[in-house]
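Undergrad: Right, I'll just put the structure down here and ask away after.
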Amino acid sequence: MKIYKGIETVFPIVKQTTNESWLCQLTSGNIHIVVNNEEFDLDATNEEVYFIILRRFAFKITDGSSNFSLNIVILNQDQLATIYSHLGKDVSARLLSNRLISSSRMGHDINDMLRLDFQQMKLLSKHTTLLKSNEMILYLVLHILLTLYNGLGRLKSNGSSRSFSIMDRFYALFQDKETFCHRDTQYFADRLNISVRYLFQVCQEVMGCTPKNLINEIIISEVRHTMLTTDLSLQQISNRFQFPDQAAFTQFFKRNSSITPTEFRKRYK
C-alpha cells in the first residue's frame, strides 16, 4: 500500500501504466485529479472518500491541499485477471463503464463498509507472512469492488445521456450468451442500430477506449471466469466461445492476458 501526504508530495502523482488499477482511500483534505483528460475534485473534509481507477484509464493527481492523506492499493494485471474472473461479466461490465467510481455520494453505509475493508487491508500488508494473506487480500479487494458496484446504483452520471444510454444497451447485449461468440465491432454496431464510427465516438466519450478494446476486455473476463469456475477443457472453452480453433483461442487469450490459458489456469485455479 502506497501512502501520499500533502506536505510531502511533489505533483503530479501519475499512474504510469494502463496495466494496473488503483484502489484509493482519501482520508483527509482534498485533491484535484484528471481521468482521461476529464477533471474532478475530491474532498474528504467531512468524510473519507474511496475511489477506484481501473486499468485502462489514464490518471494523475495534479494538486491537493497541504493536509491531504491518500492510501493507494495498486493491483497489477495478473491480480486483475483473477479478480475480474471472480466478479463475472455483469459486475465487471458495470464497473468498466465508469471513468471514476467514487463513494463521495454513495452514503455513509457504503463508506463504513469500505473503511473496514481498508483497515483490514492495512493489517494484512503488515503481516505478509500470515497464512493465506494473499488470498485474504484478494477477497477484500473483491468486497471493495462489489461494495462500490452496489453504490453505483445511487449515482447519476453527468455525461451525455444519449451516449450513456447507448453504453447501457451495449452492456445489456452481453446478457445473451450468444453475444460472447462475437468479437467484430460491426456486429455490435448493427445490434445497436448505429454506425461503427458512431459506436467508436461513444466508446471514446464514455470510456476513453475503442469498442474493440472494450469487447475484448468483457469477453476475456468471461473466458477467465469460465476457466476458473468450470472443469471444461481448453478445447471445450474454445468451442463454447466459437473460436475457429484452439490456436486462435490461445492467441486471443495471450494477447489480452499476457499469459497462455494453460499458464493462467495453473496459476490461479
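Chain lettering (A, B, ...) mirrors the order of the C-alpha cells, residue numbering begins at 1 for each chain separately, and ligand numbering begins at 1 in order of display.
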If you run DSSP on this backbone, which residues of stretch 174-219 of chain A come out as helix (DSSP H, G or I), and could you give them as an MDAnalysis selection string?
TA: chainID A and resid 174:175 177:181 185:192 196:206 211:219
Undergrad: Could you write out that same residue set with C-alpha atoms as an mmCIF file, in the first residue's frame?
TA:
```cif
data_model
loop_
_atom_site.group_PDB
_atom_site.id
_atom_site.type_symbol
_atom_site.label_atom_id
_atom_site.label_comp_id
_atom_site.auth_asym_id
_atom_site.auth_seq_id
_atom_site.Cartn_x
_atom_site.Cartn_y
_atom_site.Cartn_z
ATOM 1 C CA PHE A 174 -23.983 -9.412 -23.007
ATOM 2 C CA GLN A 175 -26.991 -10.772 -21.137
ATOM 3 C CA LYS A 177 -24.644 -15.798 -24.086
ATOM 4 C CA GLU A 178 -24.555 -15.791 -27.877
ATOM 5 C CA THR A 179 -23.034 -12.292 -27.776
ATOM 6 C CA PHE A 180 -19.809 -13.676 -26.306
ATOM 7 C CA CYS A 181 -19.205 -15.547 -29.558
ATOM 8 C CA THR A 185 -17.282 -4.304 -33.893
ATOM 9 C CA GLN A 186 -19.705 -4.318 -36.826
ATOM 10 C CA TYR A 187 -21.855 -6.947 -35.080
ATOM 11 C CA PHE A 188 -22.321 -4.711 -32.022
ATOM 12 C CA ALA A 189 -22.993 -1.591 -34.093
ATOM 13 C CA ASP A 190 -25.669 -3.478 -36.053
ATOM 14 C CA ARG A 191 -27.316 -4.732 -32.839
ATOM 15 C CA LEU A 192 -27.413 -1.134 -31.554
ATOM 16 C CA VAL A 196 -19.325 1.618 -36.355
ATOM 17 C CA ARG A 197 -17.991 5.164 -36.471
ATOM 18 C CA TYR A 198 -20.637 6.417 -34.026
ATOM 19 C CA LEU A 199 -20.027 3.472 -31.691
ATOM 20 C CA PHE A 200 -16.338 4.387 -31.745
ATOM 21 C CA GLN A 201 -17.199 8.003 -30.808
ATOM 22 C CA VAL A 202 -19.458 6.890 -27.937
ATOM 23 C CA CYS A 203 -16.868 4.499 -26.513
ATOM 24 C CA GLN A 204 -14.210 7.199 -26.676
ATOM 25 C CA GLU A 205 -16.519 9.727 -24.977
ATOM 26 C CA VAL A 206 -17.736 7.472 -22.175
ATOM 27 C CA PRO A 211 -15.118 -0.565 -28.990
ATOM 28 C CA LYS A 212 -12.724 -3.378 -29.915
ATOM 29 C CA ASN A 213 -10.747 -2.960 -26.685
ATOM 30 C CA LEU A 214 -13.961 -2.912 -24.678
ATOM 31 C CA ILE A 215 -15.392 -6.002 -26.395
ATOM 32 C CA ASN A 216 -12.167 -7.927 -25.884
ATOM 33 C CA GLU A 217 -11.994 -6.973 -22.202
ATOM 34 C CA ILE A 218 -15.548 -8.124 -21.488
ATOM 35 C CA ILE A 219 -15.090 -11.373 -23.410
#
```
Undergrad: Could you please determine the separation between atom CA of A:Leu148 and atom CA of A:Asp176 in Å, to one decimal place?
TA: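 For atom CA of A:Leu148 relative to atom CA of A:Asp176, the distance reads 24.9 Å.
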Undergrad: Could you check the closest approach to A:Met121 for each of A:Gln25, A:Ser165, A:Asn76, A:Asn98 and tell me which residue wins, using only C-alpha atoms?
TA: A:Gln25
Undergrad: Please, what distance in Å, to one decimal, runs between atom CA of A:Arg169 and atom CA of A:Arg56?
TA: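 Pair atom CA of A:Arg169 / atom CA of A:Arg56 returns 21.0 Å.
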Undergrad: Could you name the residues that touch A:Asp78 at 10 Å or less, counting only C-alpha atoms, but leaving out those on the same chain fewer than 2 positions away, as number ranges by chain?
TA: A: 19-20, 75-76, 80-83, 257-259, 264, 267-268
Undergrad: Restricted to N, CA and C atoms, what would the selected residues look like written as a PDB file, in the first residue's frame?
TA:
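As a result, result.pdb now contains:
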```
ATOM      1  N   ASN A  19      -1.877  -1.030 -17.318  1.00  0.00           N
ATOM      2  CA  ASN A  19      -1.961  -2.433 -16.920  1.00  0.00           C
ATOM      3  C   ASN A  19      -2.172  -2.609 -15.421  1.00  0.00           C
ATOM      4  N   GLU A  20      -2.476  -1.528 -14.726  1.00  0.00           N
ATOM      5  CA  GLU A  20      -2.747  -1.636 -13.294  1.00  0.00           C
ATOM      6  C   GLU A  20      -3.946  -0.779 -12.925  1.00  0.00           C
ATOM      7  N   LEU A  75      -3.102  -2.717  -8.023  1.00  0.00           N
ATOM      8  CA  LEU A  75      -3.351  -4.076  -8.496  1.00  0.00           C
ATOM      9  C   LEU A  75      -2.742  -4.239  -9.877  1.00  0.00           C
ATOM     10  N   ASN A  76      -1.923  -5.270 -10.061  1.00  0.00           N
ATOM     11  CA  ASN A  76      -1.301  -5.479 -11.366  1.00  0.00           C
ATOM     12  C   ASN A  76      -2.199  -6.314 -12.276  1.00  0.00           C
ATOM     13  N   LEU A  80      -5.620  -8.462 -11.439  1.00  0.00           N
ATOM     14  CA  LEU A  80      -6.874  -8.017 -12.032  1.00  0.00           C
ATOM     15  C   LEU A  80      -7.543  -9.129 -12.823  1.00  0.00           C
ATOM     16  N   ALA A  81      -6.725  -9.943 -13.503  1.00  0.00           N
ATOM     17  CA  ALA A  81      -7.269 -11.062 -14.269  1.00  0.00           C
ATOM     18  C   ALA A  81      -8.043 -12.002 -13.347  1.00  0.00           C
ATOM     19  N   THR A  82      -7.472 -12.287 -12.197  1.00  0.00           N
ATOM     20  CA  THR A  82      -8.128 -13.171 -11.229  1.00  0.00           C
ATOM     21  C   THR A  82      -9.381 -12.516 -10.667  1.00  0.00           C
ATOM     22  N   ILE A  83      -9.283 -11.239 -10.307  1.00  0.00           N
ATOM     23  CA  ILE A  83     -10.403 -10.527  -9.699  1.00  0.00           C
ATOM     24  C   ILE A  83     -11.585 -10.445 -10.649  1.00  0.00           C
ATOM     25  N   SER A 257      -4.248 -11.229 -22.051  1.00  0.00           N
ATOM     26  CA  SER A 257      -3.903 -11.572 -20.673  1.00  0.00           C
ATOM     27  C   SER A 257      -2.408 -11.633 -20.416  1.00  0.00           C
ATOM     28  N   SER A 258      -1.614 -11.612 -21.476  1.00  0.00           N
ATOM     29  CA  SER A 258      -0.150 -11.672 -21.387  1.00  0.00           C
ATOM     30  C   SER A 258       0.388 -13.039 -20.984  1.00  0.00           C
ATOM     31  N   ILE A 259      -0.498 -13.995 -20.712  1.00  0.00           N
ATOM     32  CA  ILE A 259      -0.074 -15.369 -20.452  1.00  0.00           C
ATOM     33  C   ILE A 259      -0.999 -16.302 -21.220  1.00  0.00           C
ATOM     34  N   PHE A 264      -2.472 -19.559 -17.124  1.00  0.00           N
ATOM     35  CA  PHE A 264      -3.460 -18.876 -16.282  1.00  0.00           C
ATOM     36  C   PHE A 264      -4.153 -19.879 -15.350  1.00  0.00           C
ATOM     37  N   ARG A 267      -1.867 -21.175 -12.647  1.00  0.00           N
ATOM     38  CA  ARG A 267      -1.513 -20.183 -11.654  1.00  0.00           C
ATOM     39  C   ARG A 267      -2.657 -19.868 -10.697  1.00  0.00           C
ATOM     40  N   TYR A 268      -3.894 -19.863 -11.208  1.00  0.00           N
ATOM     41  CA  TYR A 268      -4.996 -19.323 -10.401  1.00  0.00           C
ATOM     42  C   TYR A 268      -6.057 -20.341  -9.977  1.00  0.00           C
TER      43      TYR A 268
END
```
Undergrad: One decimal, Å: what's the distance from atom CA of A:Thr262 over to atom CA of A:Gly88, could you say?
TA: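 Atom-to-atom, atom CA of A:Thr262 and atom CA of A:Gly88 are spaced 19.9 Å apart.
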Undergrad: Skip A:Leu87 itself and residues of its chain fewer than 5 positions away, then list as a list of chain:residue names all residues within 9 Å of it, counting only C-alpha atoms.
TA: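 Surrounding residues, per the criterion: A:Thr82, A:Ser92, A:Leu142, A:Leu145, A:Leu146, A:Ser221, A:His225.
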Undergrad: Quick one: residues within 12 Å of A:Lys122, only C-alpha atoms counted, chain neighbours fewer than 3 positions away excluded, as a list in words?
TA: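 Result of the neighbour search: Met1, Lys2, Ile3, Gln25, Asn71, Ile72, Val73, Arg115, Leu116, Asp117, Phe118, Gln119, Ser125, Lys126, His127, Thr128, Ser133, Met136, Ile137 and Leu140 of chain A.
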Undergrad: Between A:Leu95, A:Ile144, A:Ser85, A:Asp43, single out the one closest to A:Met227, counting only C-alpha atoms.
TA: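 Result for the nearest residue to A:Met227: A:Ser85.
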Undergrad: Using only C-alpha atoms, which of the listed residues (A:Thr250, A:Lys15, A:His32, A:Leu96) sits closest to A:Asp168?
TA: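 Once distances to A:Asp168 are computed over only C-alpha atoms, the minimum belongs to A:Leu96.
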Undergrad: Mind listing the strand (DSSP E) residues of stretch 49-148 of chain A, per DSSP on the backbone, as a list in words?
TA: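 Strand (DSSP E) assignments inside stretch 49-148 of chain A correspond to Val49, Tyr50, Phe51, Ile52, Ile53, Phe59, Lys60, Ile61, Thr62, Asp63, Gly64, Ser69, Leu70, Asn71, Ile72, Val73, Ile74, Leu75, Ile101 and Ser102 of chain A.
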